[in-house]
Amino acid sequence: MSALLHVGYYVLLMRSFTLGDFGQMYPIARGTAPLIVTLLAAVFLDEVPDGRQLLGVAVACAGLTGLALWGIRGKGARPHGPALLAAGATGVAIALYTVVDGTGVRASGTPLGYIAWLMVLEGLAIPAYALWRRAALLPQLRPYAARGLLGAALSVAAYGLVLWAQTQAPLAPVAALRESSIIVGAAIGALLFKERFGAPRIAAAAVMAVGIGLMLHAG
């Protein structure tokens, strides 16, 4: 189930980046996830947030709304609605695989074993999907092989740490801390991709960071 959710997440994430700016799609997708994780963890895992965590959810929602409303800048004349929908759906996928993995890694008793199986299953599913979409896949991959392998190593290490953290703490704070990367993502969009990130969007991202901080330090 987790592998299927991860593949769906990758597809939705790439669709989001196609429709809108990285500097906005990434914060919206990642910022949506801890809000949904908080709700799912309360309903299915009996991890009910306290008052400060609920306040953090509300503050993060305010920042997320600001990012979403501050002019989704699609490419060309594409409408804004599909970009918002793709980013929101990406956030839902992140939340779903977070809860599934949090439950699964605790039941497995071995974060290393769980991440190994997950990577093996994803390692079969994602190339199969890519081959289905692109017949001449290998020639297209060769120029990016080194960069892709580096990204893969970083991804495995990062998510392995997330899974270990989920065995040590409730899911909502772990998800909230993980999504603090939205600020880094915004900086990458501005510095590397030359996307505009004006004062209102910076303020909205900062509000989201405050909400994440409240959720992280709850209890």
# chains A, B, ... in the order shown; residues from 1 in each chain; ligands from 1
call {"tool": "select_by_dssp", "arguments": {"residues": "stretch 149-200 of chain A", "states": "alpha helix (DSSP H)", "output": "VMD selection string"}}
result
chain A and resid 149 to 166 171 to 178 181 to 191 199 to 200
call {"tool": "write_last_selection", "arguments": {"atoms": "N, CA, C and O atoms", "output": "compact mmCIF listing (two decimals), in the first residue's frame"}}
result
# COMPACT_ATOMS: atom_id res chain seq x y z
N LEU A 149 21.23 9.28 -9.06
CA LEU A 149 21.70 8.37 -8.01
C LEU A 149 21.99 9.12 -6.72
O LEU A 149 21.72 8.61 -5.62
N LEU A 150 22.53 10.34 -6.83
CA LEU A 150 22.76 11.15 -5.63
C LEU A 150 21.44 11.50 -4.96
O LEU A 150 21.29 11.38 -3.73
N GLY A 151 20.47 11.92 -5.76
CA GLY A 151 19.15 12.22 -5.21
C GLY A 151 18.50 11.01 -4.56
O GLY A 151 17.86 11.12 -3.52
N ALA A 152 18.69 9.83 -5.19
CA ALA A 152 18.13 8.61 -4.62
C ALA A 152 18.75 8.29 -3.27
O ALA A 152 18.05 7.92 -2.32
N ALA A 153 20.06 8.43 -3.17
CA ALA A 153 20.74 8.15 -1.90
C ALA A 153 20.26 9.10 -0.80
O ALA A 153 19.99 8.69 0.33
N LEU A 154 20.13 10.38 -1.14
CA LEU A 154 19.65 11.35 -0.17
C LEU A 154 18.21 11.05 0.24
O LEU A 154 17.84 11.18 1.41
N SER A 155 17.39 10.64 -0.74
CA SER A 155 15.99 10.33 -0.45
C SER A 155 15.86 9.15 0.50
O SER A 155 15.07 9.19 1.46
N VAL A 156 16.62 8.09 0.23
CA VAL A 156 16.55 6.90 1.10
C VAL A 156 17.01 7.24 2.51
O VAL A 156 16.38 6.86 3.51
N ALA A 157 18.11 7.99 2.63
CA ALA A 157 18.62 8.35 3.95
C ALA A 157 17.63 9.24 4.70
O ALA A 157 17.36 9.02 5.89
N ALA A 158 17.09 10.22 4.00
CA ALA A 158 16.16 11.15 4.65
C ALA A 158 14.89 10.43 5.12
O ALA A 158 14.45 10.61 6.26
N TYR A 159 14.31 9.60 4.24
CA TYR A 159 13.07 8.95 4.64
C TYR A 159 13.30 7.86 5.66
O TYR A 159 12.43 7.57 6.48
N GLY A 160 14.48 7.24 5.62
CA GLY A 160 14.81 6.29 6.68
C GLY A 160 14.81 6.96 8.04
O GLY A 160 14.33 6.39 9.03
N LEU A 161 15.35 8.17 8.12
CA LEU A 161 15.34 8.93 9.37
C LEU A 161 13.92 9.27 9.80
O LEU A 161 13.58 9.23 10.99
N VAL A 162 13.08 9.61 8.83
CA VAL A 162 11.68 9.92 9.14
C VAL A 162 10.99 8.70 9.73
O VAL A 162 10.26 8.79 10.73
N LEU A 163 11.20 7.53 9.11
CA LEU A 163 10.56 6.31 9.61
C LEU A 163 11.04 5.97 11.02
O LEU A 163 10.25 5.55 11.87
N TRP A 164 12.33 6.14 11.26
CA TRP A 164 12.84 5.89 12.62
C TRP A 164 12.19 6.86 13.60
O TRP A 164 11.78 6.45 14.70
N ALA A 165 12.07 8.13 13.23
CA ALA A 165 11.45 9.12 14.12
C ALA A 165 10.00 8.75 14.42
O ALA A 165 9.51 9.00 15.53
N GLN A 166 9.31 8.15 13.45
CA GLN A 166 7.92 7.79 13.67
C GLN A 166 7.77 6.65 14.68
O GLN A 166 6.67 6.46 15.21
N LEU A 171 2.88 10.82 15.19
CA LEU A 171 3.07 11.12 13.77
C LEU A 171 2.96 12.60 13.46
O LEU A 171 3.72 13.11 12.62
N ALA A 172 2.02 13.30 14.10
CA ALA A 172 1.79 14.70 13.72
C ALA A 172 3.01 15.58 13.94
O ALA A 172 3.40 16.34 13.04
N PRO A 173 3.67 15.57 15.12
CA PRO A 173 4.87 16.39 15.27
C PRO A 173 5.99 16.01 14.32
O PRO A 173 6.71 16.88 13.83
N VAL A 174 6.15 14.70 14.06
CA VAL A 174 7.19 14.27 13.12
C VAL A 174 6.91 14.82 11.72
O VAL A 174 7.80 15.35 11.05
N ALA A 175 5.65 14.71 11.29
CA ALA A 175 5.28 15.23 9.98
C ALA A 175 5.47 16.74 9.93
O ALA A 175 5.91 17.29 8.91
N ALA A 176 5.14 17.43 11.03
CA ALA A 176 5.28 18.88 11.06
C ALA A 176 6.74 19.30 10.94
O ALA A 176 7.07 20.21 10.17
N LEU A 177 7.61 18.66 11.68
CA LEU A 177 9.04 19.01 11.60
C LEU A 177 9.58 18.72 10.20
O LEU A 177 10.34 19.50 9.64
N ARG A 178 9.16 17.60 9.63
CA ARG A 178 9.63 17.25 8.29
C ARG A 178 9.24 18.31 7.28
O ARG A 178 10.03 18.66 6.39
N SER A 181 10.75 21.90 5.71
CA SER A 181 11.52 22.05 4.49
C SER A 181 10.86 22.98 3.48
O SER A 181 11.48 23.34 2.47
N ILE A 182 9.61 23.38 3.74
CA ILE A 182 8.96 24.32 2.81
C ILE A 182 9.74 25.62 2.69
O ILE A 182 9.77 26.25 1.63
N ILE A 183 10.38 26.04 3.79
CA ILE A 183 11.15 27.27 3.73
C ILE A 183 12.38 27.07 2.84
O ILE A 183 12.73 27.94 2.03
N VAL A 184 13.03 25.92 2.97
CA VAL A 184 14.17 25.62 2.10
C VAL A 184 13.72 25.52 0.65
O VAL A 184 14.39 26.02 -0.26
N GLY A 185 12.56 24.89 0.44
CA GLY A 185 12.03 24.78 -0.92
C GLY A 185 11.75 26.14 -1.53
O GLY A 185 12.02 26.37 -2.72
N ALA A 186 11.22 27.06 -0.74
CA ALA A 186 10.96 28.41 -1.24
C ALA A 186 12.26 29.09 -1.63
O ALA A 186 12.34 29.79 -2.66
N ALA A 187 13.29 28.93 -0.81
CA ALA A 187 14.59 29.54 -1.11
C ALA A 187 15.19 28.94 -2.38
O ALA A 187 15.77 29.67 -3.20
N ILE A 188 15.05 27.62 -2.56
CA ILE A 188 15.57 26.97 -3.77
C ILE A 188 14.86 27.52 -5.00
O ILE A 188 15.49 27.82 -6.03
N GLY A 189 13.54 27.66 -4.91
CA GLY A 189 12.78 28.19 -6.04
C GLY A 189 13.23 29.59 -6.43
O GLY A 189 13.33 29.93 -7.61
N ALA A 190 13.53 30.42 -5.42
CA ALA A 190 13.94 31.79 -5.69
C ALA A 190 15.38 31.88 -6.19
O ALA A 190 15.69 32.62 -7.13
N LEU A 191 16.29 31.11 -5.57
CA LEU A 191 17.72 31.24 -5.87
C LEU A 191 18.15 30.45 -7.10
O LEU A 191 18.93 30.94 -7.92
N ALA A 199 7.45 39.69 -0.75
CA ALA A 199 7.24 39.81 0.69
C ALA A 199 5.97 39.10 1.18
O ALA A 199 6.01 38.43 2.22
N PRO A 200 4.82 39.19 0.48
CA PRO A 200 3.62 38.50 0.97
C PRO A 200 3.81 36.99 1.03
O PRO A 200 3.35 36.33 1.98
call {"tool": "residues_around", "arguments": {"residues": "A:Gly56", "least_positions_apart": "6", "cutoff": "7 Å", "atoms": "only C-alpha atoms", "output": "PyMOL selection string"}}
result
chain A and resi 211-212+214-215
call {"tool": "write_last_selection", "arguments": {"atoms": "N, CA, C and O atoms", "output": "PDB file, in the first residue's frame"}}
result
ATOM      1  N   GLY A 211       3.353  27.921  12.652  1.00  0.00           N
ATOM      2  CA  GLY A 211       2.388  26.876  12.959  1.00  0.00           C
ATOM      3  C   GLY A 211       3.036  25.518  13.119  1.00  0.00           C
ATOM      4  O   GLY A 211       2.697  24.761  14.037  1.00  0.00           O
ATOM      5  N   ILE A 212       4.010  25.215  12.272  1.00  0.00           N
ATOM      6  CA  ILE A 212       4.723  23.956  12.378  1.00  0.00           C
ATOM      7  C   ILE A 212       5.484  23.898  13.701  1.00  0.00           C
ATOM      8  O   ILE A 212       5.535  22.876  14.378  1.00  0.00           O
ATOM      9  N   LEU A 214       4.691  25.371  16.502  1.00  0.00           N
ATOM     10  CA  LEU A 214       3.728  25.140  17.580  1.00  0.00           C
ATOM     11  C   LEU A 214       3.336  23.672  17.660  1.00  0.00           C
ATOM     12  O   LEU A 214       3.230  23.099  18.737  1.00  0.00           O
ATOM     13  N   MET A 215       3.127  23.057  16.491  1.00  0.00           N
ATOM     14  CA  MET A 215       2.777  21.634  16.491  1.00  0.00           C
ATOM     15  C   MET A 215       3.928  20.790  17.015  1.00  0.00           C
ATOM     16  O   MET A 215       3.735  19.828  17.756  1.00  0.00           O
TER      17      MET A 215
END
call {"tool": "closest_residue", "arguments": {"among": "A:Ala87, A:Gly81, A:Ile28, A:Cys61", "to": "A:Tyr9", "atoms": "only C-alpha atoms"}}
result
A:Ala87
call {"tool": "closest_residue", "arguments": {"among": "A:Ala136, A:Ala169, A:Leu64, A:Val37", "to": "A:Arg201", "atoms": "only C-alpha atoms"}}
result
A:Leu64
call {"tool": "closest_residue", "arguments": {"among": "A:Leu84, A:Leu112, A:Val99, A:Met14", "to": "A:Val43", "atoms": "only C-alpha atoms"}}
result
A:Val99
call {"tool": "atom_distance", "arguments": {"atom1": "atom CA of A:Phe22", "atom2": "atom CA of A:Leu35"}}
result
20.6 Å
call {"tool": "residues_around", "arguments": {"residues": "A:Ala83", "least_positions_apart": "2", "cutoff": "6 Å", "atoms": "only C-alpha atoms", "output": "mmCIF file with N, CA, C and O atoms, in the first residue's frame"}}
result
data_model
loop_
_atom_site.group_PDB
_atom_site.id
_atom_site.type_symbol
_atom_site.label_atom_id
_atom_site.label_comp_id
_atom_site.auth_asym_id
_atom_site.auth_seq_id
_atom_site.Cartn_x
_atom_site.Cartn_y
_atom_site.Cartn_z
ATOM 1 N N SER A 16 2.214 18.790 -10.369
ATOM 2 C CA SER A 16 2.156 20.098 -9.724
ATOM 3 C C SER A 16 3.237 21.023 -10.258
ATOM 4 O O SER A 16 2.986 22.199 -10.552
ATOM 5 N N LEU A 19 2.391 22.413 -13.673
ATOM 6 C CA LEU A 19 1.322 23.405 -13.737
ATOM 7 C C LEU A 19 1.677 24.729 -13.071
ATOM 8 O O LEU A 19 1.130 25.766 -13.433
ATOM 9 N N GLY A 20 2.561 24.720 -12.072
ATOM 10 C CA GLY A 20 2.829 25.947 -11.318
ATOM 11 C C GLY A 20 4.278 26.085 -10.932
ATOM 12 O O GLY A 20 5.109 25.210 -11.212
ATOM 13 N N HIS A 80 -5.481 28.593 -12.942
ATOM 14 C CA HIS A 80 -4.888 28.375 -11.629
ATOM 15 C C HIS A 80 -5.485 27.166 -10.917
ATOM 16 O O HIS A 80 -4.824 26.549 -10.099
ATOM 17 N N GLY A 81 -6.740 26.850 -11.200
ATOM 18 C CA GLY A 81 -7.415 25.774 -10.505
ATOM 19 C C GLY A 81 -6.700 24.441 -10.566
ATOM 20 O O GLY A 81 -6.497 23.794 -9.535
ATOM 21 N N LEU A 85 -5.311 22.193 -7.426
ATOM 22 C CA LEU A 85 -5.844 20.848 -7.224
ATOM 23 C C LEU A 85 -4.720 19.821 -7.178
ATOM 24 O O LEU A 85 -4.712 18.936 -6.303
ATOM 25 N N ALA A 86 -3.748 19.941 -8.090
ATOM 26 C CA ALA A 86 -2.635 18.990 -8.114
ATOM 27 C C ALA A 86 -1.793 19.102 -6.856
ATOM 28 O O ALA A 86 -1.394 18.088 -6.267
#
call {"tool": "atom_distance", "arguments": {"atom1": "atom CA of A:Gly113", "atom2": "atom CA of A:Tyr144"}}
result
28.8 Å
call {"tool": "atom_distance", "arguments": {"atom1": "atom CA of A:Leu124", "atom2": "atom CA of A:Ala145"}}
result
17.1 Å
call {"tool": "residues_around", "arguments": {"residues": "A:Ala60", "least_positions_apart": "3", "cutoff": "12 Å", "atoms": "only C-alpha atoms", "output": "PyMOL selection string"}}
result
chain A and resi 27-28+30-36+38+53-57+63-67+176+179-180+182+203-216
call {"tool": "write_last_selection", "arguments": {"atoms": "N, CA and C atoms", "output": "mmCIF file, in the first residue's frame"}}
result
data_model
loop_
_atom_site.group_PDB
_atom_site.id
_atom_site.type_symbol
_atom_site.label_atom_id
_atom_site.label_comp_id
_atom_site.auth_asym_id
_atom_site.auth_seq_id
_atom_site.Cartn_x
_atom_site.Cartn_y
_atom_site.Cartn_z
ATOM 1 N N PRO A 27 5.566 24.389 -1.308
ATOM 2 C CA PRO A 27 5.013 24.727 0.019
ATOM 3 C C PRO A 27 3.572 24.278 0.209
ATOM 4 N N ILE A 28 2.746 24.403 -0.821
ATOM 5 C CA ILE A 28 1.347 24.020 -0.670
ATOM 6 C C ILE A 28 1.223 22.506 -0.479
ATOM 7 N N ARG A 30 3.596 20.293 0.543
ATOM 8 C CA ARG A 30 4.189 19.845 1.794
ATOM 9 C C ARG A 30 3.465 20.429 3.002
ATOM 10 N N GLY A 31 2.967 21.642 2.888
ATOM 11 C CA GLY A 31 2.295 22.272 4.020
ATOM 12 C C GLY A 31 0.933 21.690 4.323
ATOM 13 N N THR A 32 0.293 21.119 3.304
ATOM 14 C CA THR A 32 -1.007 20.485 3.522
ATOM 15 C C THR A 32 -0.882 19.210 4.344
ATOM 16 N N ALA A 33 0.225 18.494 4.155
ATOM 17 C CA ALA A 33 0.363 17.151 4.718
ATOM 18 C C ALA A 33 0.242 17.087 6.245
ATOM 19 N N PRO A 34 0.983 17.918 7.031
ATOM 20 C CA PRO A 34 0.880 17.751 8.487
ATOM 21 C C PRO A 34 -0.505 18.046 9.034
ATOM 22 N N LEU A 35 -1.259 18.892 8.346
ATOM 23 C CA LEU A 35 -2.620 19.187 8.789
ATOM 24 C C LEU A 35 -3.494 17.937 8.664
ATOM 25 N N ILE A 36 -3.358 17.247 7.539
ATOM 26 C CA ILE A 36 -4.152 16.034 7.320
ATOM 27 C C ILE A 36 -3.654 14.896 8.204
ATOM 28 N N THR A 38 -2.381 15.175 11.157
ATOM 29 C CA THR A 38 -2.907 15.421 12.500
ATOM 30 C C THR A 38 -4.315 14.847 12.643
ATOM 31 N N GLN A 53 -1.028 22.107 19.865
ATOM 32 C CA GLN A 53 -0.912 21.485 18.552
ATOM 33 C C GLN A 53 -2.065 21.915 17.644
ATOM 34 N N LEU A 54 -3.262 22.001 18.212
ATOM 35 C CA LEU A 54 -4.396 22.473 17.423
ATOM 36 C C LEU A 54 -4.198 23.922 16.977
ATOM 37 N N LEU A 55 -3.617 24.742 17.871
ATOM 38 C CA LEU A 55 -3.303 26.113 17.485
ATOM 39 C C LEU A 55 -2.300 26.126 16.345
ATOM 40 N N GLY A 56 -1.303 25.250 16.425
ATOM 41 C CA GLY A 56 -0.330 25.157 15.346
ATOM 42 C C GLY A 56 -0.976 24.789 14.028
ATOM 43 N N VAL A 57 -1.949 23.873 14.049
ATOM 44 C CA VAL A 57 -2.673 23.501 12.837
ATOM 45 C C VAL A 57 -3.379 24.716 12.249
ATOM 46 N N GLY A 63 -1.183 30.243 7.037
ATOM 47 C CA GLY A 63 -0.058 30.437 6.132
ATOM 48 C C GLY A 63 -0.258 29.732 4.809
ATOM 49 N N LEU A 64 -0.806 28.513 4.864
ATOM 50 C CA LEU A 64 -1.080 27.757 3.650
ATOM 51 C C LEU A 64 -2.069 28.494 2.763
ATOM 52 N N THR A 65 -3.125 29.058 3.380
ATOM 53 C CA THR A 65 -4.105 29.816 2.612
ATOM 54 C C THR A 65 -3.459 31.011 1.933
ATOM 55 N N GLY A 66 -2.560 31.686 2.652
ATOM 56 C CA GLY A 66 -1.862 32.823 2.062
ATOM 57 C C GLY A 66 -1.037 32.428 0.855
ATOM 58 N N LEU A 67 -0.322 31.313 0.964
ATOM 59 C CA LEU A 67 0.471 30.836 -0.171
ATOM 60 C C LEU A 67 -0.422 30.465 -1.351
ATOM 61 N N ALA A 176 5.145 17.427 11.033
ATOM 62 C CA ALA A 176 5.281 18.879 11.063
ATOM 63 C C ALA A 176 6.735 19.301 10.936
ATOM 64 N N GLU A 179 8.041 18.864 7.407
ATOM 65 C CA GLU A 179 7.569 19.818 6.419
ATOM 66 C C GLU A 179 8.123 21.226 6.631
ATOM 67 N N SER A 180 8.985 21.407 7.638
ATOM 68 C CA SER A 180 9.675 22.694 7.740
ATOM 69 C C SER A 180 10.562 22.932 6.533
ATOM 70 N N ILE A 182 9.611 23.383 3.736
ATOM 71 C CA ILE A 182 8.962 24.315 2.808
ATOM 72 C C ILE A 182 9.738 25.617 2.691
ATOM 73 N N ALA A 203 6.015 36.150 3.946
ATOM 74 C CA ALA A 203 5.255 36.248 5.192
ATOM 75 C C ALA A 203 4.370 35.023 5.390
ATOM 76 N N ALA A 204 3.720 34.570 4.313
ATOM 77 C CA ALA A 204 2.854 33.393 4.420
ATOM 78 C C ALA A 204 3.660 32.158 4.784
ATOM 79 N N ALA A 205 4.838 32.000 4.177
ATOM 80 C CA ALA A 205 5.686 30.863 4.504
ATOM 81 C C ALA A 205 6.159 30.932 5.958
ATOM 82 N N ALA A 206 6.452 32.144 6.432
ATOM 83 C CA ALA A 206 6.880 32.307 7.824
ATOM 84 C C ALA A 206 5.750 31.938 8.783
ATOM 85 N N VAL A 207 4.508 32.315 8.448
ATOM 86 C CA VAL A 207 3.360 31.949 9.280
ATOM 87 C C VAL A 207 3.221 30.433 9.342
ATOM 88 N N MET A 208 3.417 29.770 8.200
ATOM 89 C CA MET A 208 3.361 28.313 8.192
ATOM 90 C C MET A 208 4.447 27.734 9.093
ATOM 91 N N ALA A 209 5.632 28.320 9.045
ATOM 92 C CA ALA A 209 6.728 27.823 9.892
ATOM 93 C C ALA A 209 6.391 27.971 11.369
ATOM 94 N N VAL A 210 5.736 29.081 11.750
ATOM 95 C CA VAL A 210 5.327 29.278 13.138
ATOM 96 C C VAL A 210 4.326 28.195 13.540
ATOM 97 N N GLY A 211 3.353 27.921 12.652
ATOM 98 C CA GLY A 211 2.388 26.876 12.959
ATOM 99 C C GLY A 211 3.036 25.518 13.119
ATOM 100 N N ILE A 212 4.010 25.215 12.272
ATOM 101 C CA ILE A 212 4.723 23.956 12.378
ATOM 102 C C ILE A 212 5.484 23.898 13.701
ATOM 103 N N GLY A 213 6.084 25.022 14.082
ATOM 104 C CA GLY A 213 6.802 25.070 15.352
ATOM 105 C C GLY A 213 5.886 24.824 16.535
ATOM 106 N N LEU A 214 4.691 25.371 16.502
ATOM 107 C CA LEU A 214 3.728 25.140 17.580
ATOM 108 C C LEU A 214 3.336 23.672 17.660
ATOM 109 N N MET A 215 3.127 23.057 16.491
ATOM 110 C CA MET A 215 2.777 21.634 16.491
ATOM 111 C C MET A 215 3.928 20.790 17.015
ATOM 112 N N LEU A 216 5.151 21.168 16.628
ATOM 113 C CA LEU A 216 6.319 20.399 17.032
ATOM 114 C C LEU A 216 6.521 20.429 18.548
#
call {"tool": "closest_residue", "arguments": {"among": "A:Ala41, A:Leu121, A:Leu141, A:Val59", "to": "A:Thr98", "atoms": "only C-alpha atoms"}}
result
A:Ala41
